[in-house]
Amino acid sequence: MVGSPLMEEEEDMYLDLFLDPYTVQDAFPPAMSHLFSPRAPLDVYPLNLSNPEAVFSPHFGGVKETSSDFSSVDLSFLPDELAQDSKDQAVTGNRHETEQSRKTQDQQCQLQLPGGEDSGLSLNNGSSPGSHAHLYPGGAAFNQPSPEKSSSDSLPVASIVSMTPMNPVPECSGIVPQLQNVVSTANLACKLDLRKIALSAKNTEYNPKRFAAVIMRIREPRTTALLFSSGKVVCTGAKSEEESRLAARKYARVVQKLGFPVKFFNFKIQNMVGSCDVKFPIRLEILALTHRQFSSSYEPELFPGLIYKMVRPQVVLLIFASGKVVLTDPGEGAKSSGPRSRRQL
Amino acid sequence: MPSGSRCPDCGSSELVEDSHYSQSQLVCSDCGCVVTEGTLTTTFNDEGNLREVTYSRSTGENEQVSRSQQRDLRRVRDLCRILKLPTTFEDTAISYYQRAYQLSGIRAARLQKKEVLVGCCVLITCRQHNWPLTMGAICTLLYADLDVFSGTYMQLVKLLGLDVPALCLADLVKSYCSSFRLFQASPSIPAKYVEDKDKMLSRTLLLVELANETWLVTGRHPLPVITAATFLAWQSLRPSARLTCSLAQFCKLANVDLPYPAASRLQELLAVLLRMASQLAWLRVLKLDKRTVVKHIADLLQHRHMLVRMAFRDGTAEGETQKQQQGEQGQREEAEDSTFDVLERKRPASPAPLLPPCMLKPPKRSHPTPSVSAVTGDENISDSEIEQYLRTPQEVRDFQRAQAASQAAKSVPNPP
């Protein structure tokens, strides 16, 4: 039973460090080495490497070097790409920013790194309930680039990444946004008689007093289209760009069969909406505090989510306290590469 | 204080500038005579009384500023005075309005929007100075719709590029609690319901802090949480007399509107308190429920940090145990597992994960993730597939006849 009292006292100590915002950074170097020697569940790490979620870990390792360094590092010179990944990490690492001190005057990047470290602490604190525990051991592994951890394969990765902090870490958190909706437009290049279309086609709605377009639906792919008398078509509801294009062509075929001389010009994707789940709760008020300068807007009186306008790539993220994130197009003012770059995201 | 002017009634020179809501008045502090009042004097008289006249009221500004802008600037000032804000706020709000007016999008906007804009400027000023003013309060003052207000507010923040801090919860608690009419005995309030303001305030602050820590505040409107916390604080200060009073009755007594979500916030807060109570040995034996736990809120709040840690840490301790069981473990881990088991048996079974309530609800029936379809977008579209969407000529005729019949039925006047 040697492990148990030691463990409990360690947990309390780390809890105190964790909950006391002002000692977190100072106490890191001595605490961290103490952390892993007695009871580090190291055997968990190789297991996690086969787990897709564990590819999370290089993500954490990429943005930090050794624990003692970053309080003095000035990260204002880091390029956009790294800042971008830090923002991604912010979304994932924010669970622990609850316990961080309100260092709002610090650079955004500086705040990310403590977030990453806290996640390492939280493994042994056990005070990160609700999040899958396997997400964190990987992170914790990188807090400890100490020689005795020979079992962890990920150490070489950590050392490589820490030597070149400027390289952008590729998106490898294992969380893939699912596309929920794709909106596209096309031009049929001929004037349409909406009344005739509404009469001759079964799957239509037309109410000229309410809206000056025919609403047509097809079953495969399950989509809805708005057909305007000018010949323009808006196609919504598809789950991918290819599906949207196929659907738009099908609508064009339907109209063609009704006797109009249609063509298929200017097919363009206007907007794509995706959603994903990071699987841990997010402290939106802390996220808003640390990202105020990066155009994040959190108004709980108006909307329960935080609206984060990312600059590169140009997407709008709706982040909710439950960990669900919705990604969408910002609308006017967006570059045309917006939808495509969100695909990469 | 203007020197040299005297009160016409009593002749004293103690003249004080005081605002009665939005009207600025010069009042004699000895006899109470109103020397000058906003609309009853002309600029000339004011200047004759040696009162400084603000530029916005003098004749100079009228030529440069349009009438609607003048009216709205005056409204901004009035709103600041009604809310009893410091004078610096007024100037800041005015400057925001003037900046907004420069933008073409605002200048050409509807009057309704400009009225709401007045409220937005005041709200932004208050937020920046950490003055707790809710959007709901501004909307009721302006008789505006919250949707219109929110749209204008977001647009203004974006256009002016302003950095608006979040609503300060502690200050909001203080100002909201102070508005409860429970601190003085009155005919409508029984003596057992009257409470000391400071005690109630401090306890409410602790409860709101607890709610914040346990994810009841993130993403939600702050006011209902504060209402629920105030109610619990009030009940717990004298539970024997007050347990019979419901939340709705409490708000009616206190002359405060009951926000709709407050009831569910109350239930959530009570659930948190119950879980914390299960960690205290002397409360565990009492088998508390949602009503009886109120009596012990004082104890729970006193030890809240430790109790929250204990009540909600069990969840991850269990999770870690499971994780360790899954890996190839040596004997050390097995020993630890048995340790965990022993500890679990000693502690009561309350493995509650510390999550926001939306994550605790059972997940909705999730749509099956669509299989990655290899759609290229250029496939052939068969004729038969398209034909299924078209009406045959016979069907078209039937449909037209049916439509005509329904039109005729609609146009026939109803028999008297």
# chains A, B, ... in the order shown; residues from 1 in each chain; ligands from 1
$ residues_around --residues "B:Arg127" --least-positions-apart "2" --cutoff "8 Å" --atoms "only C-alpha atoms" --output "short mmCIF file (atom, residue, chain, number, x, y, z; two decimals) with N, CA and C atoms, in the first residue's frame"
data_model
loop_
_atom_site.label_atom_id
_atom_site.label_comp_id
_atom_site.auth_asym_id
_atom_site.auth_seq_id
_atom_site.Cartn_x
_atom_site.Cartn_y
_atom_site.Cartn_z
N LEU B 123 -24.68 50.78 -23.27
CA LEU B 123 -24.31 49.45 -22.76
C LEU B 123 -22.82 49.20 -22.90
N ILE B 124 -22.26 49.57 -24.06
CA ILE B 124 -20.83 49.34 -24.27
C ILE B 124 -20.01 50.14 -23.26
N THR B 125 -20.44 51.38 -23.03
CA THR B 125 -19.72 52.19 -22.05
C THR B 125 -19.75 51.54 -20.67
N HIS B 129 -16.56 49.91 -18.31
CA HIS B 129 -16.22 50.36 -16.97
C HIS B 129 -16.67 49.37 -15.91
N ASN B 130 -17.02 48.15 -16.35
CA ASN B 130 -17.47 47.11 -15.42
C ASN B 130 -18.67 47.52 -14.60
N TRP B 131 -19.55 48.26 -15.22
CA TRP B 131 -20.80 48.64 -14.56
C TRP B 131 -21.83 47.59 -14.97
N PRO B 132 -22.45 46.89 -14.00
CA PRO B 132 -23.28 45.75 -14.38
C PRO B 132 -24.64 46.16 -14.93
N LEU B 133 -24.74 46.21 -16.21
CA LEU B 133 -26.01 46.55 -16.84
C LEU B 133 -26.34 45.45 -17.83
N VAL B 164 -15.20 44.71 -26.06
CA VAL B 164 -16.16 44.85 -24.98
C VAL B 164 -15.97 43.71 -23.99
N PRO B 165 -15.60 44.01 -22.76
CA PRO B 165 -15.42 42.91 -21.81
C PRO B 165 -16.75 42.29 -21.41
N ALA B 166 -16.65 41.12 -20.83
CA ALA B 166 -17.86 40.40 -20.45
C ALA B 166 -18.50 41.04 -19.22
N LEU B 167 -19.73 40.69 -19.00
CA LEU B 167 -20.48 41.20 -17.85
C LEU B 167 -19.81 40.71 -16.57
#
$ atom_distance --atom1 "atom CA of A:Val214" --atom2 "atom CA of A:Leu227"
5.1 Å
$ atom_distance --atom1 "atom CA of B:Glu213" --atom2 "atom CA of B:Gln267"
16.2 Å
$ closest_residue --among "A:Leu199, A:Leu289, A:Leu194, A:Val315" --to "B:Arg391" --atoms "only C-alpha atoms"
A:Leu199
$ atom_distance --atom1 "atom CA of B:Asn255" --atom2 "atom CA of B:Asp289"
28.8 Å
$ select_by_dssp --residues "stretch 47-140 of chain B" --states "alpha helix (DSSP H)" --output "NGL selection string"
:B and (47-48 or 67-82 or 87-102 or 104-107 or 111-128 or 135-140)
$ write_last_selection --atoms "C-alpha atoms" --output "mmCIF file, in the first residue's frame"
data_model
loop_
_atom_site.group_PDB
_atom_site.id
_atom_site.type_symbol
_atom_site.label_atom_id
_atom_site.label_comp_id
_atom_site.auth_asym_id
_atom_site.auth_seq_id
_atom_site.Cartn_x
_atom_site.Cartn_y
_atom_site.Cartn_z
ATOM 1 C CA GLU B 47 -25.685 82.209 -18.900
ATOM 2 C CA GLY B 48 -27.101 85.056 -16.879
ATOM 3 C CA ARG B 67 -31.509 67.034 -36.002
ATOM 4 C CA SER B 68 -31.855 63.296 -35.595
ATOM 5 C CA GLN B 69 -28.333 63.047 -34.309
ATOM 6 C CA GLN B 70 -28.970 65.859 -31.864
ATOM 7 C CA ARG B 71 -32.073 64.152 -30.642
ATOM 8 C CA ASP B 72 -30.261 60.878 -30.210
ATOM 9 C CA LEU B 73 -27.334 62.492 -28.440
ATOM 10 C CA ARG B 74 -29.772 64.031 -26.049
ATOM 11 C CA ARG B 75 -31.347 60.614 -25.581
ATOM 12 C CA VAL B 76 -27.953 59.160 -24.726
ATOM 13 C CA ARG B 77 -27.493 61.750 -22.049
ATOM 14 C CA ASP B 78 -30.966 61.171 -20.710
ATOM 15 C CA LEU B 79 -30.438 57.449 -20.551
ATOM 16 C CA CYS B 80 -27.192 57.931 -18.648
ATOM 17 C CA ARG B 81 -28.916 60.192 -16.172
ATOM 18 C CA ILE B 82 -31.841 57.851 -15.675
ATOM 19 C CA THR B 87 -20.682 61.829 -15.961
ATOM 20 C CA THR B 88 -17.602 60.335 -17.614
ATOM 21 C CA PHE B 89 -19.788 57.551 -18.943
ATOM 22 C CA GLU B 90 -21.964 60.094 -20.656
ATOM 23 C CA ASP B 91 -19.055 61.531 -22.582
ATOM 24 C CA THR B 92 -17.805 58.133 -23.641
ATOM 25 C CA ALA B 93 -21.230 57.036 -24.795
ATOM 26 C CA ILE B 94 -21.664 60.262 -26.744
ATOM 27 C CA SER B 95 -18.331 59.775 -28.453
ATOM 28 C CA TYR B 96 -19.269 56.229 -29.440
ATOM 29 C CA TYR B 97 -22.519 57.448 -30.887
ATOM 30 C CA GLN B 98 -20.766 60.151 -32.867
ATOM 31 C CA ARG B 99 -18.266 57.665 -34.207
ATOM 32 C CA ALA B 100 -21.032 55.295 -35.160
ATOM 33 C CA TYR B 101 -22.881 58.076 -36.895
ATOM 34 C CA GLN B 102 -19.912 58.633 -39.185
ATOM 35 C CA SER B 104 -22.695 55.177 -43.661
ATOM 36 C CA GLY B 105 -24.381 51.980 -42.613
ATOM 37 C CA ILE B 106 -25.612 53.593 -39.426
ATOM 38 C CA ARG B 107 -26.404 56.997 -40.811
ATOM 39 C CA LEU B 111 -35.058 55.333 -36.917
ATOM 40 C CA GLN B 112 -35.820 52.220 -34.910
ATOM 41 C CA LYS B 113 -32.249 51.145 -35.300
ATOM 42 C CA LYS B 114 -30.945 54.540 -34.297
ATOM 43 C CA GLU B 115 -33.026 54.443 -31.148
ATOM 44 C CA VAL B 116 -31.615 51.064 -30.282
ATOM 45 C CA LEU B 117 -28.151 52.362 -31.093
ATOM 46 C CA VAL B 118 -28.508 54.824 -28.249
ATOM 47 C CA GLY B 119 -28.895 51.898 -25.870
ATOM 48 C CA CYS B 120 -26.008 50.019 -27.444
ATOM 49 C CA CYS B 121 -23.622 52.904 -26.872
ATOM 50 C CA VAL B 122 -24.628 53.201 -23.237
ATOM 51 C CA LEU B 123 -24.310 49.450 -22.762
ATOM 52 C CA ILE B 124 -20.828 49.335 -24.270
ATOM 53 C CA THR B 125 -19.717 52.193 -22.047
ATOM 54 C CA CYS B 126 -21.024 50.444 -18.962
ATOM 55 C CA ARG B 127 -19.386 47.181 -19.893
ATOM 56 C CA GLN B 128 -16.060 48.819 -20.400
ATOM 57 C CA MET B 135 -29.196 43.904 -22.110
ATOM 58 C CA GLY B 136 -32.616 43.055 -20.815
ATOM 59 C CA ALA B 137 -32.581 46.171 -18.647
ATOM 60 C CA ILE B 138 -31.661 48.423 -21.558
ATOM 61 C CA CYS B 139 -34.297 46.835 -23.764
ATOM 62 C CA THR B 140 -37.037 47.450 -21.233
#
$ residues_around --residues "B:Leu237" --least-positions-apart "2" --cutoff "9 Å" --atoms "only C-alpha atoms" --output "PDB file with N, CA, C and O atoms, in the first residue's frame"
ATOM      1  N   GLU B 195     -34.770  40.134   5.676  1.00  0.00           N
ATOM      2  CA  GLU B 195     -33.416  39.604   5.829  1.00  0.00           C
ATOM      3  C   GLU B 195     -32.406  40.729   5.786  1.00  0.00           C
ATOM      4  O   GLU B 195     -32.653  41.778   5.195  1.00  0.00           O
ATOM      5  N   LYS B 199     -25.700  39.853   4.772  1.00  0.00           N
ATOM      6  CA  LYS B 199     -25.614  38.391   4.906  1.00  0.00           C
ATOM      7  C   LYS B 199     -26.111  37.721   3.633  1.00  0.00           C
ATOM      8  O   LYS B 199     -25.503  36.777   3.126  1.00  0.00           O
ATOM      9  N   MET B 200     -27.225  38.239   3.148  1.00  0.00           N
ATOM     10  CA  MET B 200     -27.798  37.621   1.950  1.00  0.00           C
ATOM     11  C   MET B 200     -26.856  37.795   0.765  1.00  0.00           C
ATOM     12  O   MET B 200     -26.644  36.877  -0.027  1.00  0.00           O
ATOM     13  N   ARG B 203     -23.818  35.452   1.000  1.00  0.00           N
ATOM     14  CA  ARG B 203     -24.152  34.055   0.722  1.00  0.00           C
ATOM     15  C   ARG B 203     -24.502  33.846  -0.754  1.00  0.00           C
ATOM     16  O   ARG B 203     -24.146  32.830  -1.353  1.00  0.00           O
ATOM     17  N   LEU B 232     -32.040  30.677  -2.808  1.00  0.00           N
ATOM     18  CA  LEU B 232     -31.480  29.664  -1.907  1.00  0.00           C
ATOM     19  C   LEU B 232     -30.799  30.308  -0.706  1.00  0.00           C
ATOM     20  O   LEU B 232     -30.901  29.813   0.416  1.00  0.00           O
ATOM     21  N   ALA B 233     -30.106  31.394  -0.966  1.00  0.00           N
ATOM     22  CA  ALA B 233     -29.427  32.079   0.132  1.00  0.00           C
ATOM     23  C   ALA B 233     -30.444  32.578   1.152  1.00  0.00           C
ATOM     24  O   ALA B 233     -30.277  32.404   2.366  1.00  0.00           O
ATOM     25  N   TRP B 234     -31.507  33.161   0.633  1.00  0.00           N
ATOM     26  CA  TRP B 234     -32.534  33.702   1.521  1.00  0.00           C
ATOM     27  C   TRP B 234     -33.189  32.596   2.333  1.00  0.00           C
ATOM     28  O   TRP B 234     -33.393  32.717   3.535  1.00  0.00           O
ATOM     29  N   GLN B 235     -33.501  31.485   1.650  1.00  0.00           N
ATOM     30  CA  GLN B 235     -34.125  30.358   2.352  1.00  0.00           C
ATOM     31  C   GLN B 235     -33.210  29.798   3.416  1.00  0.00           C
ATOM     32  O   GLN B 235     -33.628  29.465   4.524  1.00  0.00           O
ATOM     33  N   PRO B 239     -34.257  28.716   7.430  1.00  0.00           N
ATOM     34  CA  PRO B 239     -34.998  27.672   6.711  1.00  0.00           C
ATOM     35  C   PRO B 239     -36.324  27.300   7.366  1.00  0.00           C
ATOM     36  O   PRO B 239     -37.295  27.001   6.671  1.00  0.00           O
ATOM     37  N   ARG B 242     -38.896  29.653   6.112  1.00  0.00           N
ATOM     38  CA  ARG B 242     -38.987  30.052   4.708  1.00  0.00           C
ATOM     39  C   ARG B 242     -39.061  28.888   3.744  1.00  0.00           C
ATOM     40  O   ARG B 242     -39.193  29.096   2.541  1.00  0.00           O
ATOM     41  N   LYS B 295     -31.290  23.468   4.518  1.00  0.00           N
ATOM     42  CA  LYS B 295     -30.931  23.803   5.904  1.00  0.00           C
ATOM     43  C   LYS B 295     -29.435  23.750   6.122  1.00  0.00           C
ATOM     44  O   LYS B 295     -28.915  24.376   7.037  1.00  0.00           O
ATOM     45  N   ILE B 297     -27.018  24.473   3.855  1.00  0.00           N
ATOM     46  CA  ILE B 297     -26.234  25.202   2.852  1.00  0.00           C
ATOM     47  C   ILE B 297     -25.058  25.919   3.503  1.00  0.00           C
ATOM     48  O   ILE B 297     -23.974  26.007   2.923  1.00  0.00           O
ATOM     49  N   ALA B 298     -25.238  26.403   4.725  1.00  0.00           N
ATOM     50  CA  ALA B 298     -24.142  27.128   5.377  1.00  0.00           C
ATOM     51  C   ALA B 298     -22.914  26.232   5.515  1.00  0.00           C
ATOM     52  O   ALA B 298     -21.790  26.630   5.187  1.00  0.00           O
TER      53      ALA B 298
END
